[in-house]
2 protein chains.
Amino acid sequence: MPENAEIGAPRAAGAPSGPDQLLFLTEEQLRQGIELMFFAYRDFTSDPDAVLAERGYGRAHHRAIHFIKRRPGVTIAGLLDILKVTKQSLNRVLRQLIEDGLVESSMGEVDRRQRNLRLTAEGEALEHALSEPQRARLRRAFSEAGPQAVAGFRQVLARMLDEGGRDAVMSLVERSER
Amino acid sequence: MPENAEIGAPRAAGAPSGPDQLLFLTEEQLRQGIELMFFAYRDFTSDPDAVLAERGYGRAHHRAIHFIKRRPGVTIAGLLDILKVTKQSLNRVLRQLIEDGLVESSMGEVDRRQRNLRLTAEGEALEHALSEPQRARLRRAFSEAGPQAVAGFRQVLARMLDEGGRDAVMSLVERSER
DNA sequence: TGCATTCAGTCAACGTCACTGACATAAATC
DNA sequence: GATTTATGTCAGTGACGTTGACTGAATGCA
């Protein structure tokens with residue numbers, strides 16, 4: 001472990017005895033992990049939340065915009081599958097985004113029932129305004145923690161995913177397709 | 001930034017042309033980090049959400065219960081400070097929890113305007129039912145990823161916190177006080 | 001003692017964003 | 001031609017966050 005071992009190092013307040021090998025699995029460490037997830041996620045979402053609030057949008061809009069950016073031409077069903085929300089929930093958000101000129105919906109070429117979703121130039125601009133603060137936050141955190149810590153961060157998050165959907169999620173996350 | 005000055009050392013400062021050392025800071029890696037946070041947090045909260053839904057509660061109840069368990073005797077103001085929600089939001093949740101016999105509110109001993117909050121036996125039981133699936137998920141993820149990955153996970157999450165409140169959050173998270 | 005402040009609790013109104021259930025329409029498929 | 005699929009919409013519900021205004025009780029200070 002490099003120079004910054006002390007920050008994330010298992011302190012194990014209860015200091016159970018025995019070999020140190022499993023100290024990172026104590027109940028205390030698990031509780032700290034739970035709380036860190038809560039606080040980190042709260043701060044992580046606070047920047048885009050502020051941008052969204054200016055336009056009267058919420059996190060649902062952010063998620064839709066993010067994944068439309070990621071998979072240009074995605075269908076409604078595809079987006080529903082990624083987001084795991086109901087059609088009605090997604091529809092309300094998409095209707096707004098389309099009306100506001102951030103997303104364009106075009107008829108499917110092979111299957112004309114389908115809609116292919118894409119960001120307009122304005123949609124791209126909002127996407128960038130939303131994601132840049134998060135990227136900046138991660139960039140700083142990654143840079144300060146170092147590559148080895150980042151690798152651990154990713155491993156643990158990946159292992160926290162539901163086993164059922166893990167492969168699907170990881171292949172979505174890791175597919176660059178841009 | 002006294003104690004962990006080396007943490008913030010600008011590793012990414014120069015040398016963009018260097019070898020693979022900075023590949024973990026590419027835009028692509030940042031985007032993957034953002035998506036992993038989204039999916040992991042979604043799955044992470046899904047287990048307690050299911051338990052809560054059975055009783056007609058939501059995440060707000062979970063958070064209140066968690067931090068009352070963590071800091072027995074905490075005051076309303078203390079909880080507001082941790083959760084960063086409005087008094088009105090918290091009050092609605094607390095009123096329910098108290099009515100349902102999960103939380104008890106007693107008058108402060110030094111300052112009789114204050115209320116000290118504690119979980120009842122039933123509250124402790126629900127807290128356990130809520131946190132156990134999350135602990136199990138983390139336990140598995142930690143165990144599979146290994147201690148070094150866990151250290152990295154913690155470092156990155158800690159570094160993602162808002163700088164303003166980081167020390168306060170980390171000292172809350174790391175304080176055992178039980 | 002008297003006044004300002006603090007802590008807690010409440011009322012009302014509002015908005016986002018999930019959910020269920022039911023139904024409509026068009027296009028594809030069998 | 002009948003069924004299935006993809007999308008869209010209407011209505012209702014509920015959790016949970018917000019702002020703003022106001023109360024009562026206890027405290028602290030001049």
# chains A, B, ... in the order shown; residues from 1 in each chain; ligands from 1

call {"tool": "residues_around", "arguments": {"residues": "A:Asp47", "least_positions_apart": "3", "cutoff": "8 Å", "atoms": "only C-alpha atoms (C1' of nucleotides)", "output": "number ranges by chain"}}
result
A: 43-44, 50-51, 130, 133-134

call {"tool": "write_last_selection", "arguments": {"atoms": "N, CA and C atoms", "output": "short mmCIF file (atom, residue, chain, number, x, y, z; two decimals), in the first residue's frame"}}
result
data_model
loop_
_atom_site.label_atom_id
_atom_site.label_comp_id
_atom_site.auth_asym_id
_atom_site.auth_seq_id
_atom_site.Cartn_x
_atom_site.Cartn_y
_atom_site.Cartn_z
N ASP A 43 -23.36 13.70 -1.71
CA ASP A 43 -22.56 14.80 -2.24
C ASP A 43 -22.38 14.68 -3.74
N PHE A 44 -22.24 13.44 -4.17
CA PHE A 44 -22.00 13.17 -5.59
C PHE A 44 -23.16 13.67 -6.46
N ALA A 50 -28.25 20.74 -8.43
CA ALA A 50 -28.34 22.21 -8.45
C ALA A 50 -28.59 22.71 -9.87
N VAL A 51 -27.89 22.10 -10.84
CA VAL A 51 -28.09 22.49 -12.24
C VAL A 51 -29.52 22.18 -12.68
N LEU A 130 -24.39 18.95 -16.70
CA LEU A 130 -24.74 18.05 -15.59
C LEU A 130 -23.58 17.15 -15.21
N PRO A 133 -19.55 18.62 -13.43
CA PRO A 133 -19.22 18.67 -12.00
C PRO A 133 -18.97 17.29 -11.40
N GLN A 134 -19.70 16.29 -11.89
CA GLN A 134 -19.46 14.95 -11.36
C GLN A 134 -18.12 14.41 -11.83
#

call {"tool": "interface_residues", "arguments": {"of": "chain B", "to": "chain D", "cutoff": "7 Å", "atoms": "only C-alpha atoms (C1' of nucleotides)", "output": "CSV table (one decimal) with N, CA and C atoms, in the first residue's frame"}}
result
chain,number,residue,atom,x,y,z
B,58,GLY,N,-40.3,4.8,3.9
B,58,GLY,CA,-39.4,5.0,2.8
B,58,GLY,C,-38.0,5.2,3.3
B,89,SER,N,-39.5,18.1,7.0
B,89,SER,CA,-39.3,16.7,6.4
B,89,SER,C,-39.0,15.7,7.5
B,112,ARG,N,-34.1,21.5,28.6
B,112,ARG,CA,-35.4,20.9,28.5
B,112,ARG,C,-36.1,21.2,27.2
B,113,ARG,N,-35.6,22.1,26.4
B,113,ARG,CA,-36.2,22.3,25.1
B,113,ARG,C,-35.9,21.1,24.1

call {"tool": "interface_residues", "arguments": {"of": "chain A", "to": "chain C", "cutoff": "12 Å", "atoms": "only C-alpha atoms (C1' of nucleotides)", "output": "list of chain:residue names"}}
result
A:Asp49, A:Leu52, A:Ala53, A:Gly56, A:Tyr57, A:Gly58, A:Arg59, A:Ala60, A:His61, A:Lys84, A:Val85, A:Thr86, A:Lys87, A:Gln88, A:Ser89, A:Leu90, A:Asn91, A:Arg92, A:Val93, A:Met107, A:Gly108, A:Val110, A:Asp111, A:Arg112, A:Arg113, A:Gln114

call {"tool": "closest_atom_pairs", "arguments": {"of": "chain B", "to": "chain A", "cutoff": "8 Å", "atoms": "only C-alpha atoms", "output": "CSV"}}
result
residue,atom,partner,partner_atom,distance
B:Asn4,CA,A:Asn4,CA,7.9
B:Glu6,CA,A:Asn4,CA,7.3
B:Ile7,CA,A:Glu144,CA,5.7
B:Gly8,CA,A:Glu144,CA,5.2
B:Ala9,CA,A:Glu144,CA,6.6
B:Pro10,CA,A:Glu144,CA,7.0
B:Arg11,CA,A:Ser143,CA,6.3
B:Ala12,CA,A:Ser143,CA,6.2
B:Gln21,CA,A:Pro147,CA,7.9
B:Leu22,CA,A:Pro147,CA,7.9
B:Phe24,CA,A:Pro147,CA,6.0
B:Leu25,CA,A:Arg139,CA,6.3
B:Glu27,CA,A:Arg135,CA,7.8
B:Glu28,CA,A:Ser176,CA,7.7
B:Leu30,CA,A:Arg135,CA,5.8
B:Arg31,CA,A:Arg135,CA,7.2
B:Gln32,CA,A:Val173,CA,5.7
B:Gly33,CA,A:Arg154,CA,7.2
B:Ile34,CA,A:Gln134,CA,7.3
B:Glu35,CA,A:Val173,CA,6.5
B:Leu36,CA,A:Leu157,CA,6.5
B:Met37,CA,A:Leu157,CA,7.2
B:Phe39,CA,A:Leu161,CA,7.0
B:Ala40,CA,A:Leu161,CA,5.3
B:Tyr41,CA,A:Met37,CA,7.6
B:Asp43,CA,A:Leu161,CA,5.9
B:Phe44,CA,A:Met160,CA,6.9
B:Gln134,CA,A:Ile34,CA,7.3
B:Arg135,CA,A:Leu30,CA,5.8
B:Arg137,CA,A:Met160,CA,6.2
B:Leu138,CA,A:Leu30,CA,6.4
B:Arg139,CA,A:Leu25,CA,6.3
B:Arg140,CA,A:Arg159,CA,7.7
B:Ala141,CA,A:Arg159,CA,4.7
B:Phe142,CA,A:Val156,CA,6.4
B:Ser143,CA,A:Leu25,CA,7.0
B:Glu144,CA,A:Arg159,CA,7.3
B:Ala145,CA,A:Val156,CA,5.9
B:Pro147,CA,A:Phe24,CA,6.0
B:Gln148,CA,A:Gly152,CA,6.7
B:Ala149,CA,A:Gly152,CA,3.5
B:Val150,CA,A:Gly152,CA,6.1
B:Ala151,CA,A:Gly8,CA,4.8
B:Gly152,CA,A:Ala149,CA,3.5
B:Phe153,CA,A:Phe153,CA,3.7
B:Arg154,CA,A:Gly8,CA,4.9
B:Gln155,CA,A:Gly8,CA,4.7
B:Val156,CA,A:Ala141,CA,5.7
B:Leu157,CA,A:Ala40,CA,5.8
B:Ala158,CA,A:Ala40,CA,7.1
B:Arg159,CA,A:Ala141,CA,4.8
B:Met160,CA,A:Ala141,CA,5.4
B:Leu161,CA,A:Ala40,CA,5.3
B:Asp162,CA,A:Asp43,CA,6.1
B:Val169,CA,A:Phe39,CA,7.6
B:Val173,CA,A:Gln32,CA,5.7
B:Glu174,CA,A:Gln32,CA,6.8
B:Arg175,CA,A:Ala13,CA,7.8
B:Ser176,CA,A:Ala13,CA,6.2

call {"tool": "write_last_selection", "arguments": {"atoms": "C-alpha atoms", "output": "short mmCIF file (atom, residue, chain, number, x, y, z; two decimals), in the first residue's frame"}}
result
data_model
loop_
_atom_site.label_atom_id
_atom_site.label_comp_id
_atom_site.auth_asym_id
_atom_site.auth_seq_id
_atom_site.Cartn_x
_atom_site.Cartn_y
_atom_site.Cartn_z
CA ASN B 4 -2.84 14.09 5.19
CA GLU B 6 0.45 13.98 0.81
CA ILE B 7 -2.99 12.81 -0.14
CA GLY B 8 -3.78 15.89 -2.10
CA ALA B 9 -0.46 15.84 -3.89
CA PRO B 10 -1.18 16.73 -7.48
CA ARG B 11 -0.24 13.56 -9.15
CA ALA B 12 -2.01 14.46 -12.31
CA GLN B 21 0.27 6.14 -15.35
CA LEU B 22 -2.69 8.37 -15.93
CA PHE B 24 -7.17 5.79 -14.78
CA LEU B 25 -8.02 9.47 -15.20
CA GLU B 27 -12.82 10.72 -19.44
CA GLU B 28 -13.89 7.19 -20.15
CA LEU B 30 -14.64 8.90 -15.11
CA ARG B 31 -17.81 8.07 -16.99
CA GLN B 32 -17.57 4.47 -15.90
CA GLY B 33 -17.13 5.63 -12.33
CA ILE B 34 -20.25 7.75 -12.56
CA GLU B 35 -22.30 4.88 -13.91
CA LEU B 36 -20.95 2.43 -11.38
CA MET B 37 -21.99 4.78 -8.60
CA PHE B 39 -25.97 1.21 -10.47
CA ALA B 40 -24.24 0.18 -7.27
CA TYR B 41 -26.21 2.65 -5.19
CA ASP B 43 -28.83 -2.07 -5.95
CA PHE B 44 -27.43 -1.17 -2.56
CA GLN B 134 -26.79 -4.13 3.26
CA ARG B 135 -24.13 -5.52 5.54
CA ARG B 137 -24.03 -7.25 0.46
CA LEU B 138 -20.98 -5.30 1.59
CA ARG B 139 -19.55 -8.28 3.40
CA ARG B 140 -19.67 -10.31 0.25
CA ALA B 141 -18.33 -7.51 -1.92
CA PHE B 142 -15.52 -6.73 0.52
CA SER B 143 -14.63 -10.35 0.93
CA GLU B 144 -14.54 -10.98 -2.81
CA ALA B 145 -12.58 -7.86 -3.62
CA PRO B 147 -8.64 -5.80 1.79
CA GLN B 148 -6.59 -3.74 -0.61
CA ALA B 149 -9.57 -3.06 -2.84
CA VAL B 150 -11.64 -2.16 0.22
CA ALA B 151 -9.02 0.34 1.29
CA GLY B 152 -9.17 1.90 -2.17
CA PHE B 153 -12.96 1.93 -2.11
CA ARG B 154 -12.89 3.84 1.14
CA GLN B 155 -10.24 6.27 0.02
CA VAL B 156 -12.08 7.19 -3.13
CA LEU B 157 -15.44 7.58 -1.39
CA ALA B 158 -13.86 9.75 1.29
CA ARG B 159 -12.28 11.90 -1.37
CA MET B 160 -15.59 12.30 -3.14
CA LEU B 161 -17.11 14.04 -0.15
CA ASP B 162 -17.64 17.78 -0.25
CA VAL B 169 -18.46 13.46 7.98
CA VAL B 173 -18.32 7.82 10.19
CA GLU B 174 -15.20 6.75 12.01
CA ARG B 175 -16.40 7.43 15.50
CA SER B 176 -17.46 4.16 17.01
#

call {"tool": "select_by_dssp", "arguments": {"residues": "chain A", "states": "alpha helix (DSSP H)", "output": "ChimeraX atom specification"}}
result
/A:5-8,27-54,59-70,76-83,87-99,121-145,147-160,163-174

call {"tool": "select_by_dssp", "arguments": {"residues": "stretch 72-155 of chain B", "states": "strand (DSSP E or B)", "output": "ChimeraX atom specification"}}
result
/B:74,103-107,115-119

call {"tool": "write_last_selection", "arguments": {"atoms": "C-alpha atoms", "output": "compact mmCIF listing (two decimals), in the first residue's frame"}}
result
# COMPACT_ATOMS: atom_id res chain seq x y z
CA VAL B 74 -29.22 12.53 19.50
CA VAL B 103 -38.43 5.65 18.46
CA GLU B 104 -38.76 7.23 21.85
CA SER B 105 -38.33 10.92 22.44
CA SER B 106 -37.38 12.11 25.89
CA MET B 107 -36.89 15.60 27.25
CA ARG B 115 -35.48 16.00 22.71
CA ASN B 116 -33.27 12.97 22.99
CA LEU B 117 -34.08 10.25 20.49
CA ARG B 118 -33.56 6.56 21.00
CA LEU B 119 -34.69 3.36 19.35

call {"tool": "atom_distance", "arguments": {"atom1": "atom CA of A:Ile76", "atom2": "atom CA of A:Glu127"}}
result
18.7 Å

call {"tool": "atom_distance", "arguments": {"atom1": "atom CA of A:Gln96", "atom2": "atom CA of A:Glu132"}}
result
22.6 Å
